[in-house]
file query_8.txt (compact mmCIF, C-alpha atoms)
# COMPACT_ATOMS: atom_id res chain seq x y z
CA MET V 1 14.12 227.00 166.89
CA ILE V 2 15.33 229.30 169.66
CA ASN V 3 17.40 232.06 168.12
CA ARG V 4 20.87 232.16 169.57
CA ILE V 5 21.72 235.35 171.48
CA ARG V 6 25.09 236.67 170.44
CA PRO V 7 27.33 238.39 173.02
CA THR V 8 27.13 241.78 171.34
CA ILE V 9 23.33 241.72 171.35
CA VAL V 10 23.34 241.12 175.07
CA LEU V 11 25.94 243.83 175.55
CA LEU V 12 23.78 246.30 173.62
CA PHE V 13 20.85 245.20 175.74
CA PHE V 14 22.64 246.20 178.92
CA LEU V 15 24.30 249.36 177.62
CA GLY V 16 21.12 250.66 176.05
CA ASN V 17 18.38 249.72 178.48
CA PHE V 18 19.46 248.91 181.99
CA SER V 19 21.56 250.06 184.87
CA LEU V 20 23.76 247.57 186.68
CA ALA V 21 21.48 247.38 189.69
CA SER V 22 21.15 244.03 191.42
CA ALA V 23 18.85 241.56 189.71
CA ALA V 24 17.11 238.31 190.59
CA PRO V 25 18.33 235.71 188.10
CA PRO V 26 17.12 232.09 188.03
CA GLU V 27 18.31 229.86 190.86
CA MET V 28 21.33 228.05 189.43
CA THR V 29 22.49 224.55 190.37
CA ARG V 30 25.31 222.60 188.74
CA PHE V 31 25.79 218.84 189.00
CA THR V 32 27.46 216.02 187.09
CA LEU V 33 25.87 212.67 186.28
CA SER V 34 27.69 209.43 187.01
CA ASN V 35 28.80 209.07 183.37
CA GLY V 36 30.31 212.58 183.22
CA ILE V 37 27.45 214.51 181.61
CA LYS V 38 27.42 218.01 183.07
CA VAL V 39 24.15 219.72 183.95
CA VAL V 40 23.26 223.28 184.87
CA ASN V 41 19.71 223.85 186.10
CA LEU V 42 18.17 227.33 186.06
CA TYR V 43 15.06 227.20 188.25
CA VAL V 44 12.49 229.92 187.61
CA GLU V 45 9.94 230.13 190.37
CA ASP V 46 6.26 230.05 189.27
CA SER V 47 7.19 229.20 185.67
CA THR V 48 5.30 226.37 183.98
CA ASP V 49 7.74 226.21 181.03
CA VAL V 50 10.67 223.80 180.88
CA ILE V 51 13.30 224.12 178.15
CA ILE V 52 16.06 221.50 177.89
CA LEU V 53 19.19 222.19 175.83
CA SER V 54 21.95 219.70 175.00
CA TYR V 55 25.33 221.08 173.91
CA LEU V 56 27.72 218.89 171.93
CA PRO V 57 31.20 219.56 170.44
CA LEU V 58 30.66 218.93 166.73
CA GLY V 59 30.36 222.15 164.70
CA LEU V 60 30.87 223.69 161.29
CA VAL V 61 34.54 224.62 161.79
CA ASN V 62 35.41 221.11 163.00
CA ASP V 63 34.04 219.06 160.10
CA GLY V 64 36.36 216.73 158.21
CA LYS V 65 37.93 217.25 154.80
CA ALA V 66 35.33 217.40 152.00
CA LYS V 67 32.63 216.90 154.60
CA THR V 68 31.36 220.47 154.57
CA GLN V 69 28.38 220.88 156.93
CA TRP V 70 28.07 217.16 157.64
CA SER V 71 27.58 218.25 161.24
CA HIS V 72 24.54 220.26 160.17
CA LEU V 73 22.94 217.31 158.40
CA ILE V 74 23.72 215.06 161.38
CA GLU V 75 21.87 217.57 163.57
CA HIS V 76 18.75 217.02 161.45
CA LEU V 77 19.14 213.24 161.40
CA THR V 78 19.78 213.03 165.15
CA LEU V 79 16.52 214.82 165.92
CA ARG V 80 14.73 212.44 163.54
CA THR V 81 15.84 209.36 165.49
CA THR V 82 12.88 210.00 167.82
CA GLY V 83 10.37 210.42 164.97
CA PRO V 84 9.20 213.35 162.85
CA ILE V 85 10.44 216.66 164.22
CA ASN V 86 7.62 218.54 165.91
CA TYR V 87 8.50 222.22 165.78
CA PRO V 88 8.73 224.08 168.08
CA SER V 89 8.71 221.41 170.80
CA SER V 90 11.88 219.90 169.30
CA SER V 91 14.56 221.77 167.41
CA ALA V 92 18.30 222.21 167.03
CA GLU V 93 21.05 224.40 165.64
CA THR V 94 24.59 223.76 164.48
CA MET V 95 26.99 226.63 165.08
CA ALA V 96 30.64 227.16 164.28
CA ASP V 97 31.88 225.63 167.51
CA ASN V 98 29.07 223.40 168.82
CA MET V 99 25.71 221.79 168.23
CA ARG V 100 22.62 222.45 170.33
CA LEU V 101 19.59 220.12 170.59
CA GLU V 102 16.40 221.58 172.08
CA SER V 103 13.15 220.43 173.61
CA ILE V 104 10.48 222.86 174.78
CA GLY V 105 7.82 221.65 177.19
CA ASN V 106 6.24 222.38 180.53
CA THR V 107 6.11 221.15 184.11
CA ASP V 108 3.62 218.45 183.14
CA ASN V 109 5.55 216.86 180.26
CA TRP V 110 9.22 217.78 180.82
CA THR V 111 10.18 214.15 181.43
CA GLN V 112 9.10 213.35 177.87
CA GLY V 113 11.48 216.04 176.60
CA LEU V 114 14.23 214.53 178.72
CA GLU V 115 13.52 211.12 177.19
CA ARG V 116 14.06 212.62 173.74
CA HIS V 117 17.44 214.02 174.78
CA ALA V 118 18.43 210.62 176.17
CA LYS V 119 17.58 208.99 172.85
CA TRP V 120 19.35 211.70 170.84
CA LEU V 121 22.53 211.14 172.85
CA SER V 122 22.35 207.34 172.81
CA GLY V 123 23.13 206.98 169.10
CA LEU V 124 19.95 205.47 167.68
CA PRO V 125 20.26 204.37 164.02
CA PHE V 126 19.61 206.83 161.20
CA SER V 127 17.06 205.81 158.61
CA ALA V 128 16.97 206.19 154.82
CA GLU V 129 13.54 207.79 155.18
CA SER V 130 14.90 210.44 157.55
CA LEU V 131 17.80 211.23 155.23
CA ALA V 132 15.46 211.60 152.25
CA GLU V 133 13.25 214.01 154.21
CA GLU V 134 15.86 215.98 156.15
CA LEU V 135 18.46 216.58 153.43
CA PRO V 136 16.19 218.98 151.49
CA LYS V 137 15.37 220.80 154.74
CA ALA V 138 19.04 221.26 155.56
CA LEU V 139 19.73 222.53 152.05
CA SER V 140 16.78 224.92 152.20
CA GLU V 141 18.49 226.74 155.07
CA ILE V 142 21.26 227.65 152.65
CA ASP V 143 18.70 228.92 150.14
CA ILE V 144 17.04 231.16 152.76
CA THR V 145 20.28 232.69 154.02
CA GLU V 146 21.62 233.10 150.50
CA VAL V 147 18.71 235.39 149.57
CA ARG V 148 19.16 237.41 152.76
CA LEU V 149 22.97 237.63 152.45
CA ALA V 150 23.08 236.00 155.91
CA THR V 151 25.74 233.45 154.98
CA HIS V 152 28.01 233.68 158.04
CA LYS V 153 27.60 230.10 159.26
CA TRP V 154 28.29 228.65 155.83
CA ALA V 155 31.29 230.94 155.43
CA ALA V 156 32.70 229.55 158.68
CA ALA V 157 32.22 226.03 157.32
CA ALA V 158 34.02 227.04 154.13
CA TRP V 159 36.84 228.65 156.14
CA ASN V 160 37.36 225.30 157.85
CA GLN V 161 37.72 223.52 154.53
CA VAL V 162 40.20 226.11 153.22
CA PHE V 163 42.46 226.61 156.23
CA ARG V 164 42.24 223.21 157.95
CA HIS V 165 41.93 221.00 154.88
CA GLY V 166 43.48 222.89 151.96
CA GLU V 167 40.35 222.95 149.80
CA THR V 168 39.80 225.68 147.21
CA ALA V 169 36.44 224.68 145.69
CA ILE V 170 33.93 224.39 148.53
CA SER V 171 30.81 222.29 148.05
CA MET V 172 28.29 223.39 150.65
CA ARG V 173 25.54 221.43 148.92
CA ASP V 174 27.36 218.65 147.09
CA ASP V 175 29.26 217.36 150.13
CA VAL V 176 26.06 216.48 151.98
CA GLN V 177 24.13 215.42 148.89
CA SER V 178 26.75 212.79 148.11
CA ALA V 179 27.04 211.51 151.69
CA GLN V 180 25.92 207.92 152.27
CA LEU V 181 23.69 207.03 155.21
CA SER V 182 26.25 204.61 156.66
CA GLU V 183 28.99 207.26 156.41
CA LEU V 184 26.89 209.83 158.23
CA GLN V 185 26.02 207.42 161.02
CA GLU V 186 29.67 206.40 161.42
CA TYR V 187 30.66 210.08 161.52
CA ARG V 188 28.06 210.72 164.21
CA ASP V 189 29.28 207.76 166.25
CA LEU V 190 32.90 208.90 166.02
CA HIS V 191 32.51 212.57 166.84
CA LEU V 192 29.19 213.78 168.24
CA VAL V 193 28.85 212.52 171.84
CA GLN V 194 32.20 212.70 173.60
CA ALA V 195 33.19 211.97 177.17
CA ASP V 196 33.48 215.16 179.26
CA ARG V 197 32.11 217.24 176.34
CA VAL V 198 28.36 216.97 176.89
CA LEU V 199 26.39 219.63 178.76
CA LEU V 200 22.67 219.94 179.40
CA CYS V 201 21.11 223.24 180.43
CA VAL V 202 17.57 223.12 181.85
CA ILE V 203 15.61 226.32 182.47
CA GLY V 204 12.10 226.65 183.86
CA GLY V 205 9.90 225.46 186.67
CA VAL V 206 11.69 222.27 187.78
CA LYS V 207 13.88 222.35 190.88
CA ALA V 208 17.27 220.66 190.90
CA GLU V 209 16.29 218.14 193.59
CA THR V 210 13.47 216.94 191.34
CA LEU V 211 15.51 217.06 188.14
CA GLN V 212 18.72 215.33 189.22
CA PRO V 213 17.45 211.81 190.02
CA VAL V 214 15.35 211.70 186.84
CA MET V 215 18.30 212.81 184.72
CA GLU V 216 20.54 210.25 186.38
CA ALA V 217 18.03 207.49 185.59
CA GLN V 218 17.50 208.53 181.97
CA LEU V 219 20.91 209.92 180.95
CA GLY V 220 23.39 208.57 183.49
CA THR V 221 23.48 205.13 181.90
CA ILE V 222 24.58 206.40 178.46
CA ASN V 223 28.07 205.10 177.77
CA LEU V 224 30.36 208.02 176.91
CA THR V 225 33.76 207.22 175.45
CA VAL V 226 36.84 209.28 174.73
CA LYS V 227 36.57 210.59 171.17
CA THR V 228 38.07 213.40 169.14
CA LEU V 229 36.90 215.86 166.54
CA PRO V 230 37.97 215.36 162.90
CA PRO V 231 41.64 216.38 162.66
CA ALA V 232 43.02 219.03 160.34
CA THR V 233 44.64 217.57 157.25
CA VAL V 234 46.94 220.53 156.53
CA THR V 235 48.90 222.52 159.08
CA SER V 236 50.69 225.22 157.09
CA GLU V 237 49.39 228.76 157.39
CA ALA V 238 52.17 230.22 155.23
CA VAL V 239 49.63 231.57 152.75
CA LYS V 240 47.58 233.88 154.91
CA ASP V 241 45.44 235.42 152.18
CA ARG V 242 43.29 232.82 150.47
CA THR V 243 40.59 232.76 147.82
CA ALA V 244 38.13 229.98 147.14
CA THR V 245 34.93 229.34 145.25
CA TRP V 246 31.74 227.89 146.69
CA ASP V 247 28.32 226.83 145.48
CA ILE V 248 26.53 229.76 147.11
CA ASN V 249 25.58 232.81 145.09
CA VAL V 250 27.06 235.30 147.56
CA THR V 251 30.52 236.81 147.83
CA HIS V 252 31.70 236.53 151.42
CA TYR V 253 34.80 237.85 153.18
CA ILE V 254 36.35 236.59 156.43
CA GLU V 255 39.42 237.71 158.27
CA THR V 256 40.71 235.90 161.33
CA TYR V 257 43.27 236.51 164.05
CA ALA V 258 44.70 233.80 166.27
CA ILE V 259 44.04 234.63 169.93
CA PRO V 260 44.81 232.79 173.17
CA ARG V 261 42.31 230.51 174.87
CA PRO V 262 40.12 231.76 177.76
CA GLU V 263 42.62 230.75 180.43
CA ASN V 264 45.09 233.35 179.17
CA GLU V 265 45.26 236.70 180.96
CA ASP V 266 44.77 238.60 177.68
CA TYR V 267 41.48 236.91 176.84
CA PRO V 268 39.12 239.19 178.87
CA ALA V 269 40.42 242.32 177.15
CA LEU V 270 40.24 240.58 173.76
CA TYR V 271 36.65 239.55 174.43
CA ILE V 272 35.69 243.14 175.21
CA ALA V 273 37.64 244.36 172.16
CA ASN V 274 35.62 241.89 170.09
CA ALA V 275 32.35 243.22 171.52
CA LEU V 276 33.29 246.85 170.87
CA LEU V 277 34.51 246.02 167.38
CA ASN V 278 31.24 244.24 166.67
CA LEU V 279 29.32 247.34 167.72
CA GLY V 280 31.49 249.53 165.55
CA LEU V 281 31.08 247.27 162.53
CA MET V 282 27.30 247.15 162.85
CA GLN V 283 27.01 250.91 163.32
CA ASP V 284 29.42 251.99 160.55
CA THR V 285 27.29 253.72 157.92
CA GLU V 286 29.88 253.45 155.14
CA LEU V 287 30.28 249.72 155.72
CA LYS V 288 26.51 249.23 155.64
CA GLU V 289 26.46 250.50 152.07
CA LEU V 290 28.87 247.74 151.02
CA ILE V 291 27.69 244.63 152.83
CA GLY V 292 24.67 242.56 153.72
CA PHE V 293 25.55 241.57 157.28
CA VAL V 294 28.71 241.68 159.36
CA TYR V 295 29.63 239.67 162.43
CA CYS V 296 32.62 239.71 164.75
CA GLY V 297 33.10 236.92 167.28
CA VAL V 298 35.52 234.75 169.22
CA ASP V 299 33.54 231.55 168.57
CA LEU V 300 35.70 230.28 165.70
CA VAL V 301 37.28 227.56 167.81
CA THR V 302 39.08 224.61 166.25
CA PRO V 303 40.87 221.80 168.12
CA GLU V 304 44.14 223.55 167.29
CA GLN V 305 43.43 227.24 167.84
CA THR V 306 40.93 229.94 168.86
CA TYR V 307 40.35 232.83 166.47
CA LEU V 308 38.69 236.21 166.48
CA GLN V 309 36.77 236.39 163.21
CA ILE V 310 35.27 239.24 161.23
CA SER V 311 32.79 237.91 158.70
CA ALA V 312 30.89 239.98 156.12
CA SER V 313 28.64 239.13 153.20
CA LEU V 314 29.09 241.54 150.31
CA LYS V 315 26.43 243.23 148.23
CA PRO V 316 26.73 242.66 144.45
CA ASP V 317 29.54 244.64 142.79
CA THR V 318 31.04 245.72 146.11
CA ASP V 319 34.72 246.63 146.03
CA ILE V 320 36.33 244.21 148.48
CA GLU V 321 39.20 246.62 149.10
CA ALA V 322 36.72 249.23 150.36
CA VAL V 323 35.36 246.67 152.84
CA LYS V 324 38.84 245.78 154.04
CA GLN V 325 39.69 249.47 154.51
CA ARG V 326 36.62 250.09 156.69
CA ILE V 327 37.44 247.07 158.83
CA ARG V 328 41.08 248.16 159.19
CA LEU V 329 39.96 251.65 160.19
CA LEU V 330 37.63 250.33 162.90
CA ILE V 331 40.32 248.01 164.27
CA ASN V 332 42.93 250.77 164.30
CA ARG V 333 40.61 253.04 166.26
CA LEU V 334 40.58 250.54 169.10
CA LYS V 335 44.37 250.77 169.30
CA GLN V 336 43.96 254.24 170.83
CA PRO V 337 42.71 254.18 174.45
CA GLU V 338 40.84 257.47 174.00
CA ASN V 339 38.54 255.74 171.48
CA ASN V 340 37.54 253.04 173.96
CA ALA V 341 35.29 255.05 176.26
CA GLN V 342 32.62 252.34 176.12
CA VAL V 343 34.87 250.00 178.08
CA VAL V 344 33.80 251.70 181.30
CA MET V 345 30.27 250.36 180.72
CA ALA V 346 31.08 247.20 178.78
CA ALA V 347 33.47 245.77 181.38
CA PRO V 348 31.07 245.71 184.36
CA SER V 349 28.20 244.68 182.08
CA LEU V 350 30.06 241.62 180.79
CA SER V 351 31.26 240.86 184.30
CA MET V 352 27.63 240.68 185.39
CA GLN V 353 26.58 238.62 182.35
CA PHE V 354 29.29 236.04 183.06
CA SER V 355 28.45 235.95 186.78
CA SER V 356 24.85 234.74 186.56
CA PRO V 357 22.00 234.20 184.07
CA LEU V 358 19.91 237.15 182.98
CA ASP V 359 17.08 238.24 185.27
CA VAL V 360 13.75 236.88 184.01
CA GLU V 361 11.59 239.77 185.23
CA MET V 362 13.96 242.30 183.69
CA ILE V 363 13.79 240.50 180.34
CA LYS V 364 10.00 240.38 180.55
CA GLN V 365 9.91 244.17 180.68
CA GLN V 366 11.59 244.24 177.25
CA LYS V 367 9.61 241.38 175.72
CA LEU V 368 8.64 242.07 172.13
CA PRO V 369 5.11 241.43 170.81
CA GLY V 370 4.66 237.86 169.64
CA VAL V 371 7.50 236.52 171.81
CA SER V 372 6.21 233.89 174.21
CA GLU V 373 7.52 233.44 177.72
CA ALA V 374 8.87 230.03 176.68
CA MET V 375 10.91 231.67 173.90
CA MET V 376 12.13 234.29 176.34
CA LEU V 377 13.23 231.66 178.86
CA GLY V 378 14.75 229.64 176.05
CA ASN V 379 16.93 232.55 174.99
CA ILE V 380 18.15 233.02 178.56
CA GLY V 381 18.92 229.30 178.68
CA VAL V 382 20.67 229.34 175.29
CA TRP V 383 22.88 232.23 176.36
CA TRP V 384 23.84 230.77 179.73
CA GLY V 385 24.19 227.22 178.45
CA MET V 386 26.51 228.47 175.72
CA LEU V 387 28.68 230.24 178.30
CA GLU V 388 28.78 227.16 180.53
CA TYR V 389 29.69 224.96 177.57
CA GLN V 390 32.36 227.23 176.09
CA TYR V 391 33.99 228.42 179.31
CA GLY V 392 33.13 225.90 182.03
CA GLU V 393 35.19 226.33 185.16
CA THR V 394 36.82 229.52 183.85
CA LEU V 395 33.48 231.42 184.01
CA PRO V 396 34.01 232.85 187.54
CA GLN V 397 37.56 233.93 186.71
CA LEU V 398 36.41 235.60 183.49
CA ALA V 399 33.56 237.38 185.27
CA SER V 400 36.00 238.78 187.79
CA ALA V 401 38.61 239.68 185.18
CA PHE V 402 36.14 241.54 182.94
CA ALA V 403 35.45 244.05 185.72
CA ASP V 404 39.12 245.07 185.76
CA VAL V 405 39.60 245.61 182.01
CA SER V 406 40.44 249.18 181.07
CA ALA V 407 40.48 251.18 177.84
CA ASP V 408 44.28 250.87 177.89
CA ASP V 409 44.03 247.07 178.17
CA VAL V 410 41.78 246.88 175.12
CA ALA V 411 44.11 249.11 173.11
CA ASP V 412 47.07 246.95 174.17
CA VAL V 413 45.62 243.59 173.10
CA VAL V 414 44.29 244.98 169.83
CA SER V 415 47.75 246.36 169.06
CA ARG V 416 49.40 243.02 169.81
CA TYR V 417 46.93 240.48 168.37
CA LEU V 418 44.89 242.21 165.65
CA THR V 419 47.89 243.02 163.49
CA GLU V 420 48.62 242.83 159.79
CA THR V 421 51.15 240.06 160.30
CA GLU V 422 48.64 237.94 162.23
CA ARG V 423 45.69 238.56 159.93
CA MET V 424 44.46 235.70 157.71
CA THR V 425 41.86 236.45 155.05
CA LEU V 426 39.50 234.43 152.90
CA LEU V 427 37.43 235.69 149.98
CA LEU V 428 34.69 233.32 148.87
CA THR V 429 33.19 233.89 145.44
CA PRO V 430 30.34 232.09 143.68
CA ARG V 431 31.42 229.18 141.52
CA VAL V 432 30.77 229.67 137.83
CA SER V 433 28.29 227.10 136.55
CA GLU V 434 29.75 224.60 134.14
call {"tool": "encode", "arguments": {"input": "query_8.txt", "output": "structure tokens"}}
result
Amino acid sequence: MINRIRPTIVLLFFLGNFSLASAAPPEMTRFTLSNGIKVVNLYVEDSTDVIILSYLPLGLVNDGKAKTQWSHLIEHLTLRTTGPINYPSSSAETMADNMRLESIGNTDNWTQGLERHAKWLSGLPFSAESLAEELPKALSEIDITEVRLATHKWAAAAWNQVFRHGETAISMRDDVQSAQLSELQEYRDLHLVQADRVLLCVIGGVKAETLQPVMEAQLGTINLTVKTLPPATVTSEAVKDRTATWDINVTHYIETYAIPRPENEDYPALYIANALLNLGLMQDTELKELIGFVYCGVDLVTPEQTYLQISASLKPDTDIEAVKQRIRLLINRLKQPENNAQVVMAAPSLSMQFSSPLDVEMIKQQKLPGVSEAMMLGNIGVWWGMLEYQYGETLPQLASAFADVSADDVADVVSRYLTETERMTLLLTPRVSE
């Protein structure tokens, strides 16, 4: 699995290691297949690696009522439609707002990887054997993150059940364990592959003129139809402070703030505010004593609304009020322009990141021991593919707008959007065994 690069990590990367000198990113080509599948190709000269990434709209904050993390299990089952999963040549990840399917190959076998993507997107039948083998693997991911207090993805799934479906007892494990094979396949057919909501990102040593006709032949014949994500079953947000139990042995806290979509003129300043807040949260020594991990992002996107989320797993016996106070303090600091000195570096850095993919040679200079070039290229592809999928045609406008954001702009949007009246909170606590 290629680890997803979060925006703040990339921002730290630029602020801490590099100047904003001109770089030589991969050669980028965009095209659309005859059935509406969008493709972005990132050609890397002299590379023998080829990584193919499919982005799809079904994610953990879009699952249906009492179908907690069905999308995650469907990710596993979809990969299995082409046979046993051969890590690391095939992998996938389900995030809050999308699903990503991956194949990792080279210039000699990349067409085989493309064939797998075509089969994954064509809706091949699930099998009882695959469900029996993949369900324990999906559940084991909860076990691993539970021990590490890295429960952010599951907390986002629980948030969806609480705020979009009115649930108060969240079954991260039971909901998928009780799912029938036919139900999962029907759910996949209804929601996973949607017209105008499929993107493939290809990075490596294949030029666009070679790639496009092969993709058209293998993927262009897939019939995409207009579909929707599972709708919310409750609409009232009158109760903004919620509590719920879940079958994970971690206490987790989330607070969210409704923010406008990327087309809005306030979004660039909010995005930078989110990045600076994320840095502040990760660097706060008092907060570190109280929590396992903390994450701030703008990727909590439902069909109805986009949210800025702050998500923190709590250490045992932590006082939740102390955590809330630290978060409030860090947010309030951003309301004062004089505390936003990092904007002068963050704004041009993000402008560059949204303008073109990261420079391969520059990344190579920072390559950690044990990280292969394929993994490095994959991370560049994951980052850029995610931006293309989430922002599409607004990318150029965002890149330009980031450069003009000031410390005053950040203070202004934080003061208007990250307010007490707009804040919604959720405290998840372990369910007591019966």
call {"tool": "residues_around", "arguments": {"input": "query_8.txt", "residues": "His72 in chain V", "least_positions_apart": "4", "cutoff": "9 Å", "atoms": "all atoms listed in the file", "output": "mmCIF file with C-alpha atoms, keeping the file's coordinate frame"}}
result
data_model
loop_
_atom_site.group_PDB
_atom_site.id
_atom_site.type_symbol
_atom_site.label_atom_id
_atom_site.label_comp_id
_atom_site.auth_asym_id
_atom_site.auth_seq_id
_atom_site.Cartn_x
_atom_site.Cartn_y
_atom_site.Cartn_z
ATOM 1 C CA GLY V 59 30.360 222.150 164.700
ATOM 2 C CA LEU V 60 30.870 223.690 161.290
ATOM 3 C CA THR V 68 31.360 220.470 154.570
ATOM 4 C CA HIS V 76 18.750 217.020 161.450
ATOM 5 C CA LEU V 77 19.140 213.240 161.400
ATOM 6 C CA GLU V 93 21.050 224.400 165.640
ATOM 7 C CA THR V 94 24.590 223.760 164.480
ATOM 8 C CA MET V 95 26.990 226.630 165.080
ATOM 9 C CA MET V 99 25.710 221.790 168.230
ATOM 10 C CA ALA V 138 19.040 221.260 155.560
#
call {"tool": "residues_around", "arguments": {"input": "query_8.txt", "residues": "range 230-241 of chain V", "least_positions_apart": "3", "cutoff": "12 Å", "atoms": "all atoms listed in the file", "output": "PyMOL selection string"}}
result
chain V and resi 57-68+70-71+159-167+187-188+190-192+227+244+253-258+302-305+420-428
call {"tool": "closest_residue", "arguments": {"input": "query_8.txt", "among": "V:Phe354, V:Ala322, V:Gln283, V:Ile37", "to": "Asn223 in chain V", "atoms": "all atoms listed in the file"}}
result
V:Ile37
call {"tool": "closest_residue", "arguments": {"input": "query_8.txt", "among": "V:Lys38, V:Arg80, V:Arg30, V:Arg100", "to": "Trp383 in chain V", "atoms": "all atoms listed in the file"}}
result
V:Arg100
call {"tool": "atom_distance", "arguments": {"input": "query_8.txt", "atom1": "CA of Gly205 in chain V", "atom2": "CA of Pro88 in chain V"}}
result
18.7 Å
call {"tool": "closest_residue", "arguments": {"input": "query_8.txt", "among": "V:Leu181, V:Ala157, V:Leu281, V:Ile144", "to": "Ala132 in chain V", "atoms": "all atoms listed in the file"}}
result
V:Leu181
call {"tool": "residues_near_point", "arguments": {"input": "query_8.txt", "point": "(16.2, 237.5, 189.9)", "cutoff": "7 Å", "atoms": "all atoms listed in the file", "output": "list in words"}}
result
Ala23, Ala24, Pro25, Pro26, Asp359, Val360 and Glu361 of chain V
call {"tool": "atom_distance", "arguments": {"input": "query_8.txt", "atom1": "CA of Ser415 in chain V", "atom2": "CA of Glu263 in chain V"}}
result
20.0 Å
call {"tool": "residues_around", "arguments": {"input": "query_8.txt", "residues": "range 311-313 of chain V", "least_positions_apart": "3", "cutoff": "9 Å", "atoms": "all atoms listed in the file", "output": "list in words"}}
result
Leu149, Ala150, Thr151, His152, Ala155, Ala156, Val250, Thr251, His252, Tyr253, Ile254, Glu255, Thr256, Leu290, Ile291, Gly292, Phe293, Val294, Tyr295, Cys296, Gly297 and Val323 of chain V
call {"tool": "closest_residue", "arguments": {"input": "query_8.txt", "among": "V:Ile222, V:Val414, V:Val193, V:Ile51", "to": "Leu276 in chain V", "atoms": "all atoms listed in the file"}}
result
V:Val414
call {"tool": "decode", "arguments": {"input": "query_8.txt", "residues": "range 323-334 of chain V", "atoms": "N, CA, C and O atoms", "output": "short mmCIF file (atom, residue, chain, number, x, y, z; two decimals), in the first residue's frame"}}
result
data_model
loop_
_atom_site.label_atom_id
_atom_site.label_comp_id
_atom_site.auth_asym_id
_atom_site.auth_seq_id
_atom_site.Cartn_x
_atom_site.Cartn_y
_atom_site.Cartn_z
N VAL V 323 -8.23 18.72 26.43
CA VAL V 323 -7.99 18.62 25.00
C VAL V 323 -8.73 19.72 24.26
O VAL V 323 -8.17 20.41 23.39
N LYS V 324 -9.99 19.91 24.59
CA LYS V 324 -10.78 20.95 23.95
C LYS V 324 -10.16 22.33 24.17
O LYS V 324 -10.10 23.16 23.25
N GLN V 325 -9.67 22.59 25.37
CA GLN V 325 -9.06 23.89 25.67
C GLN V 325 -7.82 24.14 24.82
O GLN V 325 -7.61 25.26 24.33
N ARG V 326 -6.98 23.11 24.64
CA ARG V 326 -5.78 23.29 23.82
C ARG V 326 -6.16 23.57 22.37
O ARG V 326 -5.55 24.43 21.72
N ILE V 327 -7.16 22.87 21.88
CA ILE V 327 -7.60 23.10 20.50
C ILE V 327 -8.16 24.50 20.34
O ILE V 327 -7.83 25.22 19.39
N ARG V 328 -8.99 24.92 21.31
CA ARG V 328 -9.55 26.28 21.25
C ARG V 328 -8.44 27.33 21.25
O ARG V 328 -8.48 28.32 20.51
N LEU V 329 -7.43 27.12 22.09
CA LEU V 329 -6.33 28.07 22.18
C LEU V 329 -5.61 28.19 20.83
O LEU V 329 -5.31 29.31 20.37
N LEU V 330 -5.34 27.06 20.19
CA LEU V 330 -4.62 27.08 18.92
C LEU V 330 -5.45 27.72 17.82
O LEU V 330 -4.91 28.42 16.95
N ILE V 331 -6.76 27.48 17.84
CA ILE V 331 -7.63 28.14 16.85
C ILE V 331 -7.66 29.65 17.09
O ILE V 331 -7.52 30.45 16.16
N ASN V 332 -7.81 30.04 18.34
CA ASN V 332 -7.91 31.47 18.65
C ASN V 332 -6.63 32.23 18.29
O ASN V 332 -6.68 33.41 17.93
N ARG V 333 -5.50 31.56 18.38
CA ARG V 333 -4.25 32.23 17.98
C ARG V 333 -4.28 32.64 16.52
O ARG V 333 -3.76 33.70 16.15
N LEU V 334 -4.88 31.80 15.69
CA LEU V 334 -4.93 32.11 14.26
C LEU V 334 -5.85 33.29 13.95
O LEU V 334 -5.82 33.82 12.84
#
